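K.L.:
You'll find final10.cif just under this line, and it carries mmCIF, C-alpha atoms and all ligand atoms.
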data_final
#
loop_
_atom_site.label_atom_id
_atom_site.label_comp_id
_atom_site.auth_asym_id
_atom_site.auth_seq_id
_atom_site.Cartn_x
_atom_site.Cartn_y
_atom_site.Cartn_z
CA MET M 1 -16.58 69.87 -52.17
CA SER M 2 -14.09 67.20 -51.16
CA ILE M 3 -12.80 64.66 -53.68
CA THR M 4 -13.61 61.11 -52.55
CA LEU M 5 -13.23 57.64 -54.06
CA THR M 6 -16.77 58.04 -55.41
CA THR M 7 -15.81 61.28 -57.18
CA LEU M 8 -12.78 59.60 -58.77
CA GLN M 9 -14.84 56.67 -59.98
CA ARG M 10 -17.56 58.98 -61.31
CA LYS M 11 -14.99 61.01 -63.23
CA LYS M 12 -13.56 57.84 -64.81
CA ALA M 13 -17.05 56.75 -65.87
CA ALA M 14 -17.72 60.18 -67.36
CA GLY M 15 -14.38 60.21 -69.20
CA GLU M 16 -13.25 63.24 -67.19
CA LYS M 17 -9.47 63.24 -66.77
CA LEU M 18 -8.07 63.18 -63.23
CA CYS M 19 -5.35 65.61 -62.22
CA MET M 20 -2.83 64.44 -59.65
CA VAL M 21 0.28 66.33 -58.64
CA THR M 22 2.81 65.80 -55.89
CA ALA M 23 2.95 68.11 -52.88
CA TYR M 24 5.15 67.90 -49.83
CA ASP M 25 4.27 70.94 -47.69
CA TYR M 26 1.39 73.13 -46.58
CA THR M 27 2.05 76.15 -48.84
CA MET M 28 2.37 74.10 -52.01
CA ALA M 29 -0.63 71.96 -51.06
CA ARG M 30 -2.76 75.11 -50.79
CA LEU M 31 -1.51 76.37 -54.16
CA CYS M 32 -2.13 73.00 -55.86
CA ALA M 33 -5.62 72.81 -54.36
CA ALA M 34 -6.36 76.34 -55.56
CA GLY M 35 -5.05 75.31 -59.00
CA GLY M 36 -7.72 72.61 -59.21
CA ALA M 37 -5.85 69.34 -58.56
CA ASP M 38 -8.03 66.35 -57.68
CA ILE M 39 -5.37 64.32 -55.87
CA LEU M 40 -2.31 65.54 -53.98
CA LEU M 41 0.32 62.82 -53.89
CA VAL M 42 2.73 63.01 -50.99
CA GLY M 43 5.20 61.02 -53.05
CA ASP M 44 8.36 59.50 -51.71
CA SER M 45 9.94 61.49 -54.55
CA LEU M 46 10.26 63.97 -51.69
CA GLY M 47 13.48 62.09 -50.98
CA MET M 48 14.90 63.53 -54.19
CA VAL M 49 13.24 66.93 -54.60
CA MET M 50 12.95 67.94 -50.93
CA LEU M 51 15.73 66.02 -49.17
CA GLY M 52 18.34 65.83 -51.94
CA TYR M 53 18.90 62.05 -52.11
CA PRO M 54 19.73 60.54 -55.53
CA ASP M 55 16.67 58.23 -55.31
CA THR M 56 13.72 57.38 -53.03
CA VAL M 57 15.32 54.46 -51.18
CA SER M 58 16.38 56.39 -48.06
CA VAL M 59 12.95 57.88 -47.32
CA THR M 60 11.54 56.75 -43.96
CA MET M 61 8.07 56.32 -42.52
CA ASP M 62 8.74 59.31 -40.25
CA ASP M 63 9.58 61.45 -43.31
CA MET M 64 6.31 60.42 -44.96
CA VAL M 65 4.20 61.06 -41.86
CA HIS M 66 5.80 64.48 -41.35
CA HIS M 67 5.17 65.68 -44.94
CA SER M 68 1.74 64.06 -45.18
CA LYS M 69 0.55 66.00 -42.11
CA ALA M 70 1.68 69.27 -43.67
CA VAL M 71 0.01 68.55 -47.01
CA ALA M 72 -3.23 67.41 -45.39
CA ARG M 73 -3.49 70.74 -43.54
CA GLY M 74 -3.38 72.61 -46.87
CA ALA M 75 -5.20 70.14 -49.13
CA GLU M 76 -8.58 71.90 -49.04
CA GLY M 77 -10.90 69.37 -50.64
CA CYS M 78 -8.27 67.37 -52.56
CA PHE M 79 -7.81 63.65 -51.97
CA VAL M 80 -4.50 63.21 -50.11
CA LEU M 81 -2.62 60.10 -51.20
CA THR M 82 0.59 59.24 -49.36
CA ASP M 83 3.34 56.89 -50.51
CA MET M 84 4.39 53.92 -48.43
CA PRO M 85 8.20 54.21 -48.53
CA PHE M 86 10.86 51.60 -49.33
CA LEU M 87 10.26 48.24 -47.55
CA SER M 88 7.41 49.62 -45.42
CA VAL M 89 5.06 46.98 -46.90
CA ARG M 90 7.67 44.23 -47.28
CA THR M 91 8.65 43.25 -43.75
CA GLY M 92 5.48 41.41 -42.84
CA HIS M 93 1.74 41.89 -42.81
CA ASN M 94 1.52 43.50 -39.38
CA ASP M 95 4.26 46.02 -40.13
CA ALA M 96 2.54 46.94 -43.40
CA MET M 97 -0.85 47.43 -41.73
CA ARG M 98 0.68 49.45 -38.88
CA ASN M 99 2.65 51.63 -41.32
CA ALA M 100 -0.40 52.30 -43.50
CA GLY M 101 -2.39 53.07 -40.35
CA ARG M 102 0.21 55.65 -39.33
CA LEU M 103 -0.08 57.45 -42.68
CA MET M 104 -3.85 57.63 -42.25
CA ALA M 105 -4.06 58.42 -38.50
CA GLU M 106 -0.96 60.59 -38.00
CA GLY M 107 -0.38 61.73 -41.59
CA ARG M 108 -4.11 62.44 -42.21
CA ALA M 109 -3.87 60.74 -45.64
CA ASN M 110 -7.09 59.70 -47.40
CA GLY M 111 -5.31 56.71 -48.93
CA VAL M 112 -1.89 55.13 -49.45
CA LYS M 113 0.12 54.16 -52.53
CA ILE M 114 2.25 51.03 -52.71
CA GLU M 115 4.79 49.94 -55.31
CA GLY M 116 4.60 46.32 -56.42
CA GLY M 117 2.66 43.68 -58.30
CA ARG M 118 0.25 40.82 -57.66
CA GLU M 119 2.27 39.57 -54.65
CA LEU M 120 0.75 42.52 -52.75
CA ALA M 121 -2.85 41.64 -53.67
CA PRO M 122 -3.69 39.87 -50.35
CA LEU M 123 -2.30 42.85 -48.42
CA VAL M 124 -4.36 45.26 -50.55
CA THR M 125 -7.53 43.31 -49.70
CA ASP M 126 -6.72 43.44 -45.97
CA MET M 127 -5.98 47.15 -46.09
CA VAL M 128 -9.17 47.92 -47.97
CA GLN M 129 -11.16 45.84 -45.48
CA ALA M 130 -9.53 47.82 -42.67
CA GLY M 131 -10.72 51.08 -44.26
CA ILE M 132 -7.48 52.07 -45.99
CA PRO M 133 -7.94 53.02 -49.65
CA VAL M 134 -4.98 51.75 -51.69
CA MET M 135 -3.52 52.86 -54.99
CA ALA M 136 -1.01 50.51 -56.61
CA HIS M 137 2.05 51.56 -58.66
CA LEU M 138 3.34 49.48 -61.60
CA GLY M 139 5.88 49.83 -64.40
CA LEU M 140 8.90 51.84 -63.32
CA THR M 141 8.70 51.54 -59.56
CA PRO M 142 11.38 53.97 -58.31
CA GLN M 143 11.93 52.10 -55.02
CA ALA M 144 13.24 49.20 -57.14
CA VAL M 145 15.62 51.43 -59.12
CA ASN M 146 18.65 49.39 -58.02
CA ALA M 147 17.03 46.14 -59.14
CA LEU M 148 15.70 47.65 -62.39
CA GLY M 149 19.12 49.04 -63.32
CA GLY M 150 18.05 52.69 -63.55
CA PHE M 151 15.10 54.90 -64.40
CA LYS M 152 13.98 53.42 -67.74
CA VAL M 153 10.88 52.44 -69.69
CA GLN M 154 9.32 49.15 -68.58
CA ALA M 155 7.17 46.40 -70.09
CA LYS M 156 8.08 46.90 -73.75
CA ALA M 157 8.40 43.17 -74.53
CA LEU M 158 5.32 40.92 -74.86
CA ASP M 159 5.91 38.81 -71.74
CA ALA M 160 6.67 41.84 -69.55
CA ALA M 161 3.61 43.67 -70.89
CA GLU M 162 1.38 40.66 -70.14
CA ARG M 163 2.86 40.38 -66.64
CA LEU M 164 2.04 44.03 -66.03
CA LEU M 165 -1.53 43.57 -67.27
CA GLU M 166 -1.99 40.54 -65.00
CA ASP M 167 -0.53 42.46 -62.04
CA ALA M 168 -2.91 45.34 -62.71
CA ILE M 169 -5.93 43.04 -62.86
CA ALA M 170 -4.90 41.18 -59.67
CA LEU M 171 -4.48 44.44 -57.74
CA ASP M 172 -7.72 45.83 -59.15
CA GLU M 173 -9.62 42.69 -58.14
CA ALA M 174 -7.98 42.85 -54.70
CA GLY M 175 -9.67 46.23 -54.21
CA ALA M 176 -7.10 48.86 -55.19
CA PHE M 177 -9.04 51.99 -56.15
CA GLY M 178 -6.43 52.92 -58.71
CA ILE M 179 -3.06 52.20 -60.27
CA VAL M 180 -0.20 54.51 -61.15
CA LEU M 181 1.45 53.43 -64.39
CA GLU M 182 4.94 54.86 -64.68
CA CYS M 183 7.14 54.79 -67.80
CA VAL M 184 5.27 52.18 -69.80
CA PRO M 185 4.29 52.28 -73.50
CA ASP M 186 1.18 54.37 -74.13
CA ARG M 187 -0.86 51.61 -75.82
CA LEU M 188 -0.18 49.20 -72.95
CA ALA M 189 -1.35 51.83 -70.42
CA ALA M 190 -4.52 52.42 -72.44
CA LEU M 191 -5.17 48.66 -72.50
CA VAL M 192 -4.72 48.43 -68.72
CA SER M 193 -7.10 51.38 -68.28
CA ARG M 194 -9.79 49.49 -70.21
CA HIS M 195 -9.28 46.27 -68.25
CA VAL M 196 -9.48 47.62 -64.69
CA GLN M 197 -12.39 49.05 -62.75
CA GLY M 198 -10.21 51.45 -60.76
CA VAL M 199 -8.67 54.64 -62.06
CA THR M 200 -5.33 54.62 -63.86
CA ILE M 201 -2.96 57.54 -63.39
CA GLY M 202 -0.12 57.81 -65.87
CA ILE M 203 3.34 59.31 -65.63
CA GLY M 204 5.20 58.68 -68.86
CA ALA M 205 2.36 56.35 -69.86
CA GLY M 206 0.57 58.33 -72.57
CA ALA M 207 -2.83 59.93 -72.90
CA GLY M 208 -4.94 56.78 -72.57
CA CYS M 209 -4.87 56.74 -68.75
CA ASP M 210 -7.77 58.04 -66.67
CA GLY M 211 -5.54 60.76 -65.26
CA GLN M 212 -2.00 62.08 -65.07
CA VAL M 213 0.53 62.82 -62.37
CA LEU M 214 3.74 64.83 -62.39
CA VAL M 215 6.22 65.75 -59.71
CA LEU M 216 5.47 69.40 -58.87
CA GLN M 217 9.11 70.50 -58.86
CA ASP M 218 9.59 68.96 -62.35
CA MET M 219 6.51 70.54 -63.92
CA LEU M 220 7.28 73.95 -62.41
CA GLY M 221 10.94 73.94 -63.47
CA MET M 222 12.27 73.88 -59.90
CA TYR M 223 14.19 70.58 -60.02
CA THR M 224 16.71 70.54 -62.81
CA GLU M 225 19.06 67.70 -61.84
CA MET M 226 17.10 65.32 -64.05
CA LYS M 227 14.53 65.90 -66.81
CA PRO M 228 12.72 62.73 -67.80
CA LYS M 229 11.23 62.67 -71.34
CA PHE M 230 7.69 62.58 -69.91
CA VAL M 231 8.01 65.89 -68.07
CA ARG M 232 6.55 69.05 -69.53
CA ARG M 233 7.32 72.32 -67.77
CA PHE M 234 4.15 74.29 -67.17
CA ALA M 235 5.95 77.18 -65.46
CA GLU M 236 9.49 78.40 -64.89
CA ALA M 237 9.17 78.85 -61.13
CA GLY M 238 12.83 77.90 -60.67
CA SER M 239 14.02 80.95 -62.62
CA CYS M 240 11.39 83.08 -60.95
CA ILE M 241 12.59 82.04 -57.47
CA ARG M 242 16.28 82.47 -58.38
CA GLU M 243 15.58 85.96 -59.73
CA GLY M 244 13.55 86.85 -56.64
CA VAL M 245 16.35 85.75 -54.30
CA ALA M 246 18.95 87.59 -56.39
CA ALA M 247 16.85 90.78 -56.28
CA TYR M 248 16.46 90.43 -52.49
CA CYS M 249 20.23 89.96 -52.00
CA ALA M 250 20.99 92.97 -54.22
CA ALA M 251 18.49 95.14 -52.31
CA VAL M 252 19.91 94.12 -48.91
CA ARG M 253 23.49 94.72 -50.06
CA SER M 254 22.70 98.13 -51.54
CA GLY M 255 20.72 99.25 -48.47
CA ASP M 256 17.53 99.58 -50.53
CA PHE M 257 15.78 96.96 -48.36
CA PRO M 258 14.18 97.39 -45.90
CA ALA M 259 12.69 100.80 -46.79
CA ALA M 260 10.32 102.87 -44.63
CA ALA M 261 7.39 100.86 -45.97
CA GLN M 262 8.80 97.68 -44.40
CA SER M 263 9.87 99.33 -41.10
CA PHE M 264 8.04 100.32 -37.89
CA ALA M 265 8.09 103.95 -36.72
CA MET M 266 8.45 105.17 -33.11
CA ASP M 267 6.80 108.25 -31.65
CA ASP M 268 9.23 111.25 -31.89
CA ALA M 269 8.82 112.21 -28.22
CA VAL M 270 9.44 108.65 -27.03
CA PHE M 271 12.51 108.37 -29.20
CA ALA M 272 13.84 111.77 -28.05
CA GLN M 273 13.69 110.58 -24.41
CA LEU M 274 15.31 107.29 -25.30
CA ALA M 275 18.09 108.99 -27.24
CA GLU M 276 18.69 111.41 -24.35
CA ARG M 277 19.12 108.49 -21.88
CA TRP M 278 21.27 106.42 -24.24
CA LYS M 279 23.59 109.02 -25.79
O1 LIG W 1 6.85 59.50 -55.47
C1 LIG W 1 6.26 59.97 -56.45
O2 LIG W 1 6.26 61.18 -56.71
C2 LIG W 1 5.56 59.05 -57.33
C3 LIG W 1 5.14 59.57 -58.67
C4 LIG W 1 6.31 59.56 -59.55
C5 LIG W 1 4.00 58.81 -59.21
O3 LIG W 1 5.37 57.92 -56.99
#
Before anything else, please render the file you have as structure tokens.

P.N.:
Amino acid sequence: MSITLTTLQRKKAAGEKLCMVTAYDYTMARLCAAGGADILLVGDSLGMVMLGYPDTVSVTMDDMVHHSKAVARGAEGCFVLTDMPFLSVRTGHNDAMRNAGRLMAEGRANGVKIEGGRELAPLVTDMVQAGIPVMAHLGLTPQAVNALGGFKVQAKALDAAERLLEDAIALDEAGAFGIVLECVPDRLAALVSRHVQGVTIGIGAGAGCDGQVLVLQDMLGMYTEMKPKFVRRFAEAGSCIREGVAAYCAAVRSGDFPAAAQSFAMDDAVFAQLAERWK
């Protein structure tokens, strides 16, 4: 059965936690779907973990469409949520609508995620009215890393916490079906979760959110350049892959691979004729 906005809302009402994880390609999307994820986020974190940039600022609309298409083909019942990259909602209403439309029509996303506060509320309403489900993203918004002065916890002071709460309520009232809360104090995230109708998904925001998200490469131990405090490794796939590649290289170098089991035989008589002609 496919996960829809109704399913997400029903799970929040029932107190059932939502599981979101990033995915950027078909193979991983299939594995995450088989693992039971509700939402696959085609995050612009792909700029860092797939493309090797130091942050998400250089990710383009074309990058997002390309990866979203691949994930959607493997998503098998999961809700596919695709990030709107840096500035794609900030250069005017028509650009924002067109860009979101591309992620849905070409990228086969079921919804889009946008980083920003109450200033985006009118746009959210227009998108929702146009049939584009929107998830907002507050707290540490990685596209603003240069303005925020680095990847650090947000909204610890009273005025900043109140601003975040007001942003969340404005976006919720504008029709956002959910809000990602990144790197904010756990009790603030729990408070937001109680004050909005939509689902809250935390990353470094404690256990009081309606669900959680992690970057797949972080939680599987495949991306080791940075390890934020909120990451827990649920597997050591990085070591597993390194060991697999090392074993492959050793087998090729020693002549152990390929063996007969990985080779294709030729009929003796056919080969005898061939060998006779090509001495
Ligand atoms: O791009 C991304 O992966 C994200 C998550 C960190 C929520 O936005």

K.L.:
Give me the residues within 9 Å of segment 2-10 of chain M as a list in words, counting all atoms listed in the file and dropping any in the same chain fewer than 5 places off.

P.N.:
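Listed by chain and then number, they are Gly15, Glu16, Leu18, Asp38, Ile39, Glu76, Gly77, Cys78, Phe79, Asn110, Pro133, Phe177, Gln197, Gly198 and Val199 of chain M.
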
K.L.:
Quick one: residues within 6 Å of ligand LIG 1 (chain W), with all atoms listed in the file, as a ChimeraX atom specification?

P.N.:
/M:22,43-45,215

K.L.:
Report, as lines of an AutoDock Vina configuration file, the centre and edge lengths in Å (one decimal) of the axis-aligned box enclosing every listed atom of segment 17-28 of chain M, padded by 6 Å on each side.

P.N.:
center_x = -2.2
center_y = 69.7
center_z = -56.7
size_x = 26.6
size_y = 25.0
size_z = 32.2

K.L.:
Report, in Å to a single decimal, how far apart atom CA of Ala170 of chain M and atom CA of Arg118 of chain M are.

P.N.:
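Atom CA of Ala170 of chain M lies at a distance of 5.5 Å from atom CA of Arg118 of chain M.
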
K.L.:
I'd like the contact shell of Met222 of chain M - 9 Å cut-off, all atoms listed in the file, skipping same-chain residues fewer than 3 positions apart - returned as a PyMOL selection string.

P.N.:
chain M and resi 49+216-219+236-239+241

K.L.:
Quick one: of M:Asn99, M:Asn146, M:Thr27, M:Gln154, who's nearest to Met127 of chain M, counting all atoms listed in the file?

P.N.:
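That would be M:Asn99, the residue with the smallest distance to Met127 of chain M.
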
K.L.:
With only C-alpha atoms as the basis for distance, which of M:Ile203, M:His66, M:Ser193, M:Glu173 is at the shortest distance from Gly139 of chain M?

P.N.:
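Residue with the minimum atom-to-atom distance to Gly139 of chain M: M:Ile203.
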
K.L.:
Would you mind listing what lies within 8 Å of Val128 of chain M as a PyMOL selection string, with all atoms listed in the file counted and same-chain residues fewer than 5 positions away left out?

P.N.:
chain M and resi 133-134+175-176

K.L.:
Do you have the atom CA of Val153 of chain M-atom CA of Glu119 of chain M distance handy?

P.N.:
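Separating atom CA of Val153 of chain M from atom CA of Glu119 of chain M is a distance of 21.6 Å.
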
K.L.:
Restricting the calculation to all atoms listed in the file: of M:Arg73, M:Lys279, M:Arg98, M:Lys113, which residue gets closest to Ala130 of chain M?

P.N.:
M:Arg98

K.L.:
Using all atoms listed in the file, find the one residue out of M:Val145, M:Leu274, M:Ile179, M:Val124 that sits nearest to Pro54 of chain M.

P.N.:
M:Val145
